[in-house]
Amino acid sequence: MSPASRFGRRLTAVIGALATLSLLLAGCSGSQAEPGKLVIGVTTDANALFPWKATQFQSIAVLQNLYGTLTEFDKDLKVVPGLAESWDTSKDGRTLTFHLRSGVTFADGSAFDSADVKDSLDKIRDPKTAAVAASTLASVKKVTAPDADTVTLKLSGPDAALPSNLASVNTAMLSSDDTEKQLAAKPNGTGPFAFDSRKPSQTLKLKKNDAYWGEAPKLDSVEFRVIPDDDSILAAMQAGNVQFAVFDNPVVGQTAEDLGLNVAKTSQLSYHALQLNAKRDVLSDVNTRLAVQCAIDRSAVLDTAGFGEGKVTGPITSPDYLSDPDDRPCPTRDLDKSAEYLRKAGKDSLTLKTIVSQGEYATSVDEAQNLKSQLADANIELDLEVLESGAFVDAWVGADFDAAVALNGGREDPDGMYGRYFTSTGNLNKVAGYSSPTLDKLFAEGRSTSDLAKREEIYTKVGRELEDNAAWIWLFSGFTYTATTANVHGFTPLESGSLQYLRTTSVD
Amino acid sequence: MIRTLVRNRVIQRIAQTLLTLFGVAIFIFVMLRAIPGDQITAGLGTEAAALTPAQRASLESYYGLDKPLVEQFFSWLGNVFTGNLGFSARAQESVLDLSLHALPVTAELAVLAIVLALLIGVPLGMLSASKPDSARDGFGQLVGLAGLSIPAFLLATLSLSILASTLGFNPNGEVFVTFVEDPLLNLQQMLLPSLVLGFGIAAPIMRTTRTAVLEVRSLDFVRTARAKGVPARRLQVKHVLGNALIPIVTMTGLQLGYLLGGAVVVEQIFSIPGIGRQVLLGIQQKEYALVQSTVLIIALAFVLVNLATDLLYRAIDPRVRA
């Protein structure tokens with residue numbers, strides 16, 4: 001036998017041995033789901049466990065299950081009692097009194113009372129804490145705790161959005177005995193689940209909180225397992241290691257369906273928009289902005305860049321106050337009107353420095369390119385600057401753009417959603433680039449009444465004012481895709497993206 | 001005399017290493033700060049626009065961003081010398097502890113990948129060389145070409161989804177365990193990543209082996225040995241392979257450097273908590289101390305691996321020893 005063929009045989013043997021080894025190892029693996037234990041696949045690790053400073057979606061999803069808030073949202077995003085059983089507003093709207101639930105304890109066993117609420121609200125309002133919700137509590141002047149079950153908020157003026165703002169985990173109630181340092185490592189809340197353990201960038205485990213004041217969760221444990229890649233999460237779901245995942249990329253959502261997983265599509269409060277910066281000379285004339293608005297076919301952007309997965313939208317996306325997407329100067333694309341507006345502005349063309357983020361969400365660059373080609377027909381040039389997400393945030397925060405292709409998070413209450421952008425004193429007004437006395441007045445009116453019908457009327461006006469002035473061009477809102485394996489039951493996805501209904505979820 | 005010479009060389013080598021590490025430290029420090037965004041905007045995203053000046057100032061002092069750059073650099077470097085590599089706000093753990101967990105994981109991945117690469121590359125190269133320009137050679141070359149041209153991320157994703165859908169085999173969907181905790185599960189988790197990583201390195205090793213074997217075989221001493229009637233097997237292993245090993249070792253050493261780059265991708269896709277992923281996560285979160293210190297550790301490891309290759313080279317090739 002020649003040496004060559006002997007090597008050939010040996011090579012076959014080596015490859016054979018490797019293959020056998022891998023099959024053998026494969027045969028050994030087989031950890032399937034256990035009843036009562038839910039494993040959620042997430043692409044990124046929670047970056048902060050201190051609820052007052054967490055804004056990242058992944059952190060919020062975890063913290064919502066660990067911490068309680070004074071108010072909560074139900075399935076339809078209506079404000080319902082949380083740690084406060086009820087609340088009443090004084091006639092002049094300047095005093096808000098919360099009646100707290102009794103018998104509530106923190107995960108460490110200590111009792112929850114009005115002193116914890118006062119301490120929490122005072123610390124959130126203190127600039128030294130650097131809490132992100134400080135601005136949403138700006139109307140609160142003084143917090144008092146007359147007895148263990150009552151907390152009174154003195155306001156500088158009526159603030160109908162306050163109960164809704166207090167439902168955010170950024171205003172979570174913490175024990176006055178805990179420090180930020182302790183909680184950043186080991187959360188201690190009043191939520192349906194309690195913190196169990198964490199391996200950074202690998203896994204974060206929660207366990208059932210037996211002392212939870214509400215109905216006891218059906219799951220014994222919830223684990224957030226970090227699997228950095230969407231495809232790897234799908235593979236893990238196929239293998240049965242992971243039972244739950246939320247995707248925002250339409251292609252991945254489709255793949256999950258093709259693989260036979262249960263996929264629930266939920267429309268989102270967040271919205272895609274072409275933000276215009278009216279403080280820039282080139283867009284300071286309302287006619288130039290309307291020229292841009294009329295030249296855009298929103299369905300075309302949704303169909304080409306967003307795979308048709310979503311719906312065309314106006315400014316307000318929350319179900320109670322939903323804007324009519326056609327309530328605007330050009331509900332459909334109208335190039336003649338666009339040219340007319342451009343003429344009125346005394347121009348025959350526009351060039352807009354437009355920032356686009358790369359990689360922050362799946363469809364950003366495609367949206368920008370579609371918009372660019374549509375606007376080119378109207379003699380409007382989008383000068384695209386595709387930026388890495390850090391650079392995009394820097395430019396966005398500094399309002400260093402004429403236009404920005406953006407995906408902005410929505411809120412349940414339209415005041416919380418847009419008050420900070422489009423009022424002249426709003427803390428994001430610099431970025432929004434637009435405000436007017438009319439809007440200031442409308443937002444103030446909206447805050448001063450808690451009558452839903454009246455508020456609906458007011459925010460319809462707000463929406464129309466924004467559209468008539470083409471402050472921004474609202475395009476569409478997309479879906480999220482909640483994928484579950486067949487043995488997962490009882491989860492309700494919310495338009496806010498919240499995972500709070502893990503408390504009603506079971507695995508069999 | 002010889003002893004002083006050796007000692008001088010050792011001191012020279014250490015000085016060189018320290019200088020390299022200092023250069024790396026400055027480079028990474030400057031590069032990191034040249035990237036737009038800081039830890040505050042990385043954490044808050046566009047929410048950072050809503051911060052009041054007082055809130056921003058308080059966050060800046062929390063992350064130590066309020067000090068001048070030069071002061072930041074030297075206080076970090078000074079801390080490194082005392083063994084304090086910084087603290088990761090995201091993980092709530094010291095960078096030293098994080099690295100001590102991550103480093104062995106990457107080391108294991110690297111060793112397994114190299115072993116697999118050698119197991120695939122060397123026999124394949126010898127097979128190709130055994131009959132140049134034959135179908136057998138073509139097969140070897142094809143595998144080599146595939147290894148060079150298929151990117152690791154594609155191979156990783158493909159193998160993951162195919163194995164998961166056909167066999168239900170996906171230990172990487174489970175929480176990672178170290179070899180000490182559970183050797184069998186650990187090897188299952190390491191199998192695919194090290195194969196993917198190793199496959200990319202197997203290709204250059206295969207090509208080097210083929211060339212080296214062909215070259216050595218044409219040398220006079222091999223012909224002499226054959227003429228003297230040395231058995232084919234002994235000839236192949238001792239005379240040919242033994243002498244072809246030198247370029248193979250050099251190539252393997254070189255590949256170790258590239259391996260760290262590939263490890264970032266592979267660790268990310270297979271969610272292996274190694275040093276590559278630690279750097280990547282650190283960059284995403286703009287955790288300056290974490291990235292700076294981890295890169296310094298990687299640089300140190302790289303220098304040490306180079307040194308080891310050097311020494312191995314001397315052991316194999318008597319000509320270098322002289």
# chains A, B, ... in the order shown; residues from 1 in each chain; ligands from 1
$ residues_around --residues "region 19-28 of chain B" --least-positions-apart "2" --cutoff "12 Å" --atoms "only C-alpha atoms" --output "ChimeraX atom specification"
/B:12-17,30-35,69-70,72-74,76-78,80-81,279,283,288-304
$ residues_around --residues "region 331-346 of chain A" --least-positions-apart "2" --cutoff "6 Å" --atoms "only C-alpha atoms" --output "JSON, numbers by chain"
{"A": [287, 288, 291, 294, 295, 296, 297, 326, 328]}
$ write_last_selection --atoms "all heavy atoms" --output "PDB file, in the first residue's frame"
ATOM      1  N   ASN A 287     -43.565  76.616   4.837  1.00  0.00           N
ATOM      2  CA  ASN A 287     -43.788  76.121   3.473  1.00  0.00           C
ATOM      3  C   ASN A 287     -42.717  75.109   3.036  1.00  0.00           C
ATOM      4  O   ASN A 287     -43.019  74.163   2.314  1.00  0.00           O
ATOM      5  CB  ASN A 287     -43.837  77.293   2.491  1.00  0.00           C
ATOM      6  CG  ASN A 287     -45.077  78.129   2.696  1.00  0.00           C
ATOM      7  OD1 ASN A 287     -46.190  77.624   2.620  1.00  0.00           O
ATOM      8  ND2 ASN A 287     -44.887  79.407   3.003  1.00  0.00           N
ATOM      9  N   THR A 288     -41.490  75.323   3.474  1.00  0.00           N
ATOM     10  CA  THR A 288     -40.451  74.356   3.101  1.00  0.00           C
ATOM     11  C   THR A 288     -40.742  73.007   3.756  1.00  0.00           C
ATOM     12  O   THR A 288     -40.571  71.954   3.156  1.00  0.00           O
ATOM     13  CB  THR A 288     -39.045  74.834   3.528  1.00  0.00           C
ATOM     14  OG1 THR A 288     -39.065  75.151   4.919  1.00  0.00           O
ATOM     15  CG2 THR A 288     -38.608  76.037   2.736  1.00  0.00           C
ATOM     16  N   ALA A 291     -43.521  71.328   2.010  1.00  0.00           N
ATOM     17  CA  ALA A 291     -43.060  70.793   0.724  1.00  0.00           C
ATOM     18  C   ALA A 291     -42.488  69.383   0.931  1.00  0.00           C
ATOM     19  O   ALA A 291     -42.721  68.479   0.122  1.00  0.00           O
ATOM     20  CB  ALA A 291     -42.019  71.718   0.119  1.00  0.00           C
ATOM     21  N   CYS A 294     -45.459  66.900   1.716  1.00  0.00           N
ATOM     22  CA  CYS A 294     -46.298  66.512   0.585  1.00  0.00           C
ATOM     23  C   CYS A 294     -45.581  65.590  -0.403  1.00  0.00           C
ATOM     24  O   CYS A 294     -46.224  64.926  -1.212  1.00  0.00           O
ATOM     25  CB  CYS A 294     -46.793  67.757  -0.147  1.00  0.00           C
ATOM     26  SG  CYS A 294     -48.075  68.608   0.790  1.00  0.00           S
ATOM     27  N   ALA A 295     -44.265  65.569  -0.344  1.00  0.00           N
ATOM     28  CA  ALA A 295     -43.525  64.780  -1.330  1.00  0.00           C
ATOM     29  C   ALA A 295     -43.297  63.339  -0.881  1.00  0.00           C
ATOM     30  O   ALA A 295     -42.671  62.545  -1.580  1.00  0.00           O
ATOM     31  CB  ALA A 295     -42.193  65.451  -1.628  1.00  0.00           C
ATOM     32  N   ILE A 296     -43.811  63.005   0.322  1.00  0.00           N
ATOM     33  CA  ILE A 296     -43.520  61.670   0.859  1.00  0.00           C
ATOM     34  C   ILE A 296     -44.755  60.777   0.846  1.00  0.00           C
ATOM     35  O   ILE A 296     -45.824  61.151   1.318  1.00  0.00           O
ATOM     36  CB  ILE A 296     -42.981  61.775   2.303  1.00  0.00           C
ATOM     37  CG1 ILE A 296     -41.609  62.456   2.296  1.00  0.00           C
ATOM     38  CG2 ILE A 296     -42.875  60.397   2.929  1.00  0.00           C
ATOM     39  CD1 ILE A 296     -41.070  62.743   3.672  1.00  0.00           C
ATOM     40  N   ASP A 297     -44.598  59.593   0.272  1.00  0.00           N
ATOM     41  CA  ASP A 297     -45.619  58.559   0.330  1.00  0.00           C
ATOM     42  C   ASP A 297     -45.240  57.606   1.479  1.00  0.00           C
ATOM     43  O   ASP A 297     -44.298  56.825   1.366  1.00  0.00           O
ATOM     44  CB  ASP A 297     -45.652  57.808  -1.010  1.00  0.00           C
ATOM     45  CG  ASP A 297     -46.668  56.681  -1.000  1.00  0.00           C
ATOM     46  OD1 ASP A 297     -47.213  56.374   0.078  1.00  0.00           O
ATOM     47  OD2 ASP A 297     -46.909  56.117  -2.084  1.00  0.00           O
ATOM     48  N   ASP A 326     -54.595  60.442   8.447  1.00  0.00           N
ATOM     49  CA  ASP A 326     -54.892  61.242   7.253  1.00  0.00           C
ATOM     50  C   ASP A 326     -55.200  62.698   7.571  1.00  0.00           C
ATOM     51  O   ASP A 326     -55.483  63.486   6.672  1.00  0.00           O
ATOM     52  CB  ASP A 326     -56.069  60.623   6.489  1.00  0.00           C
ATOM     53  CG  ASP A 326     -55.651  59.316   5.849  1.00  0.00           C
ATOM     54  OD1 ASP A 326     -54.432  59.167   5.567  1.00  0.00           O
ATOM     55  OD2 ASP A 326     -56.511  58.442   5.654  1.00  0.00           O
ATOM     56  N   ARG A 328     -53.876  65.584   7.860  1.00  0.00           N
ATOM     57  CA  ARG A 328     -52.688  66.399   7.570  1.00  0.00           C
ATOM     58  C   ARG A 328     -52.843  67.042   6.200  1.00  0.00           C
ATOM     59  O   ARG A 328     -53.679  66.605   5.407  1.00  0.00           O
ATOM     60  CB  ARG A 328     -51.426  65.539   7.621  1.00  0.00           C
ATOM     61  CG  ARG A 328     -51.463  64.312   6.698  1.00  0.00           C
ATOM     62  CD  ARG A 328     -50.099  63.723   6.461  1.00  0.00           C
ATOM     63  NE  ARG A 328     -49.489  63.191   7.682  1.00  0.00           N
ATOM     64  CZ  ARG A 328     -48.278  62.640   7.699  1.00  0.00           C
ATOM     65  NH1 ARG A 328     -47.571  62.552   6.589  1.00  0.00           N
ATOM     66  NH2 ARG A 328     -47.785  62.193   8.813  1.00  0.00           N
TER      67      ARG A 328
END
$ interface_residues --of "chain B" --to "chain A" --cutoff "6 Å" --atoms "only C-alpha atoms" --output "PyMOL selection string"
chain B and resi 36-37+44+46+49-50+55+58+90-92+130+161+164+168-169+173+188+269+271
$ closest_residue --among "B:Ala42, B:Leu192, B:Ala110, B:Val105" --to "Ile162 (chain B)" --atoms "only C-alpha atoms"
B:Leu192
$ residues_around --residues "region 495-507 of chain A" --least-positions-apart "6" --cutoff "6 Å" --atoms "only C-alpha atoms" --output "list in words"
Pro35, Gly36, Ala61, Pro217, Lys218, Leu219, Ser267, Gln268, Leu269, Asn487, Val488 and His489 of chain A
$ write_last_selection --atoms "N, CA, C and O atoms" --output "PDB file, in the first residue's frame"
ATOM      1  N   PRO A  35     -41.370  22.535  33.594  1.00  0.00           N
ATOM      2  CA  PRO A  35     -42.578  23.302  33.892  1.00  0.00           C
ATOM      3  C   PRO A  35     -42.297  24.367  34.949  1.00  0.00           C
ATOM      4  O   PRO A  35     -41.550  24.118  35.898  1.00  0.00           O
ATOM      5  N   GLY A  36     -42.892  25.529  34.774  1.00  0.00           N
ATOM      6  CA  GLY A  36     -42.728  26.580  35.775  1.00  0.00           C
ATOM      7  C   GLY A  36     -41.460  27.391  35.629  1.00  0.00           C
ATOM      8  O   GLY A  36     -41.244  28.351  36.353  1.00  0.00           O
ATOM      9  N   ALA A  61     -37.323  45.900  30.970  1.00  0.00           N
ATOM     10  CA  ALA A  61     -38.085  44.649  30.929  1.00  0.00           C
ATOM     11  C   ALA A  61     -37.839  43.827  32.194  1.00  0.00           C
ATOM     12  O   ALA A  61     -38.756  43.218  32.750  1.00  0.00           O
ATOM     13  N   PRO A 217     -47.656  34.898  40.890  1.00  0.00           N
ATOM     14  CA  PRO A 217     -47.231  34.509  39.545  1.00  0.00           C
ATOM     15  C   PRO A 217     -47.292  32.989  39.383  1.00  0.00           C
ATOM     16  O   PRO A 217     -47.116  32.245  40.351  1.00  0.00           O
ATOM     17  N   LYS A 218     -47.546  32.542  38.143  1.00  0.00           N
ATOM     18  CA  LYS A 218     -47.615  31.094  37.901  1.00  0.00           C
ATOM     19  C   LYS A 218     -46.236  30.481  37.669  1.00  0.00           C
ATOM     20  O   LYS A 218     -46.063  29.275  37.763  1.00  0.00           O
ATOM     21  N   LEU A 219     -45.279  31.328  37.350  1.00  0.00           N
ATOM     22  CA  LEU A 219     -43.932  30.817  37.093  1.00  0.00           C
ATOM     23  C   LEU A 219     -43.122  30.772  38.384  1.00  0.00           C
ATOM     24  O   LEU A 219     -43.248  31.655  39.231  1.00  0.00           O
ATOM     25  N   SER A 267     -48.609  46.003  17.577  1.00  0.00           N
ATOM     26  CA  SER A 267     -48.211  47.324  17.093  1.00  0.00           C
ATOM     27  C   SER A 267     -47.626  48.098  18.269  1.00  0.00           C
ATOM     28  O   SER A 267     -47.915  47.805  19.429  1.00  0.00           O
ATOM     29  N   GLN A 268     -46.807  49.064  17.960  1.00  0.00           N
ATOM     30  CA  GLN A 268     -46.002  49.713  18.983  1.00  0.00           C
ATOM     31  C   GLN A 268     -46.351  51.182  19.181  1.00  0.00           C
ATOM     32  O   GLN A 268     -46.832  51.841  18.272  1.00  0.00           O
ATOM     33  N   LEU A 269     -46.100  51.671  20.378  1.00  0.00           N
ATOM     34  CA  LEU A 269     -46.235  53.100  20.638  1.00  0.00           C
ATOM     35  C   LEU A 269     -45.108  53.871  19.958  1.00  0.00           C
ATOM     36  O   LEU A 269     -45.250  55.030  19.597  1.00  0.00           O
ATOM     37  N   ASN A 487     -45.314  25.405  24.625  1.00  0.00           N
ATOM     38  CA  ASN A 487     -45.697  25.142  26.026  1.00  0.00           C
ATOM     39  C   ASN A 487     -45.837  26.416  26.870  1.00  0.00           C
ATOM     40  O   ASN A 487     -46.008  26.346  28.076  1.00  0.00           O
ATOM     41  N   VAL A 488     -45.744  27.581  26.218  1.00  0.00           N
ATOM     42  CA  VAL A 488     -45.875  28.838  26.965  1.00  0.00           C
ATOM     43  C   VAL A 488     -47.295  29.386  26.805  1.00  0.00           C
ATOM     44  O   VAL A 488     -47.805  29.466  25.690  1.00  0.00           O
ATOM     45  N   HIS A 489     -47.948  29.738  27.917  1.00  0.00           N
ATOM     46  CA  HIS A 489     -49.320  30.238  27.860  1.00  0.00           C
ATOM     47  C   HIS A 489     -49.479  31.487  28.708  1.00  0.00           C
ATOM     48  O   HIS A 489     -48.740  31.703  29.655  1.00  0.00           O
TER      49      HIS A 489
END
$ residues_around --residues "region 112-127 of chain B" --least-positions-apart "4" --cutoff "9 Å" --atoms "only C-alpha atoms" --output "ChimeraX atom specification"
/A:4-5,7-8,10-11,14-15 /B:107-108,131-132,136-137,139-141,143-144,190-191,193-211,213-214,241,248,252,255-256,259
$ write_last_selection --atoms "C-alpha atoms" --output "tab-separated table (two decimals), in the first residue's frame"
chain	number	residue	atom	x	y	z
A	4	ALA	CA	-0.47	8.26	0.28
A	5	SER	CA	-3.47	6.01	0.52
A	7	PHE	CA	-2.68	8.86	4.87
A	8	GLY	CA	-5.98	9.01	3.13
A	10	ARG	CA	-5.89	7.93	8.45
A	11	LEU	CA	-7.52	11.20	7.48
A	14	VAL	CA	-9.66	11.27	12.08
A	15	ILE	CA	-12.67	12.89	10.44
B	107	ALA	CA	-7.59	30.35	26.32
B	108	GLU	CA	-9.52	27.07	26.22
B	131	LYS	CA	0.15	13.26	-5.04
B	132	PRO	CA	0.27	16.83	-6.34
B	136	ARG	CA	-6.92	14.08	-3.85
B	137	ASP	CA	-4.85	17.25	-4.02
B	139	PHE	CA	-10.00	17.99	-2.62
B	140	GLY	CA	-7.45	19.22	-0.09
B	141	GLN	CA	-7.06	22.52	-1.90
B	143	VAL	CA	-11.23	22.45	1.67
B	144	GLY	CA	-8.37	24.89	2.20
B	190	MET	CA	-16.94	24.46	22.97
B	191	LEU	CA	-17.18	21.96	20.11
B	193	PRO	CA	-17.12	27.38	18.31
B	194	SER	CA	-13.67	25.80	18.28
B	195	LEU	CA	-14.46	23.92	15.06
B	196	VAL	CA	-15.59	27.15	13.39
B	197	LEU	CA	-12.57	29.03	14.68
B	198	GLY	CA	-10.23	26.12	13.93
B	199	PHE	CA	-11.55	25.65	10.40
B	200	GLY	CA	-10.44	29.14	9.46
B	201	ILE	CA	-6.92	28.47	10.77
B	202	ALA	CA	-6.78	24.95	9.32
B	203	ALA	CA	-6.64	26.39	5.82
B	204	PRO	CA	-3.32	28.26	6.06
B	205	ILE	CA	-1.87	25.38	8.07
B	206	MET	CA	-2.94	22.94	5.37
B	207	ARG	CA	-1.36	25.07	2.66
B	208	THR	CA	1.87	25.53	4.59
B	209	THR	CA	2.05	21.81	5.29
B	210	ARG	CA	1.56	20.95	1.64
B	211	THR	CA	4.25	23.35	0.45
B	213	VAL	CA	6.21	18.62	2.60
B	214	LEU	CA	6.69	19.01	-1.14
B	241	LEU	CA	7.11	15.74	8.55
B	248	ILE	CA	4.08	24.81	10.33
B	252	THR	CA	0.53	28.28	13.80
B	255	GLN	CA	-2.38	32.37	13.39
B	256	LEU	CA	-2.70	32.63	17.17
B	259	LEU	CA	-7.30	33.87	16.36
$ select_by_dssp --residues "region 14-241 of chain B" --states "strand (DSSP E)" --output "ChimeraX atom specification"
/B:87-88,93-94
$ write_last_selection --atoms "C-alpha atoms" --output "PDB file, in the first residue's frame"
ATOM      1  CA  PHE B  87     -14.868  48.684  37.907  1.00  0.00           C
ATOM      2  CA  SER B  88     -17.595  47.795  35.440  1.00  0.00           C
ATOM      3  CA  GLU B  93     -17.910  43.695  39.283  1.00  0.00           C
ATOM      4  CA  SER B  94     -14.242  44.614  39.101  1.00  0.00           C
TER       5      SER B  94
END
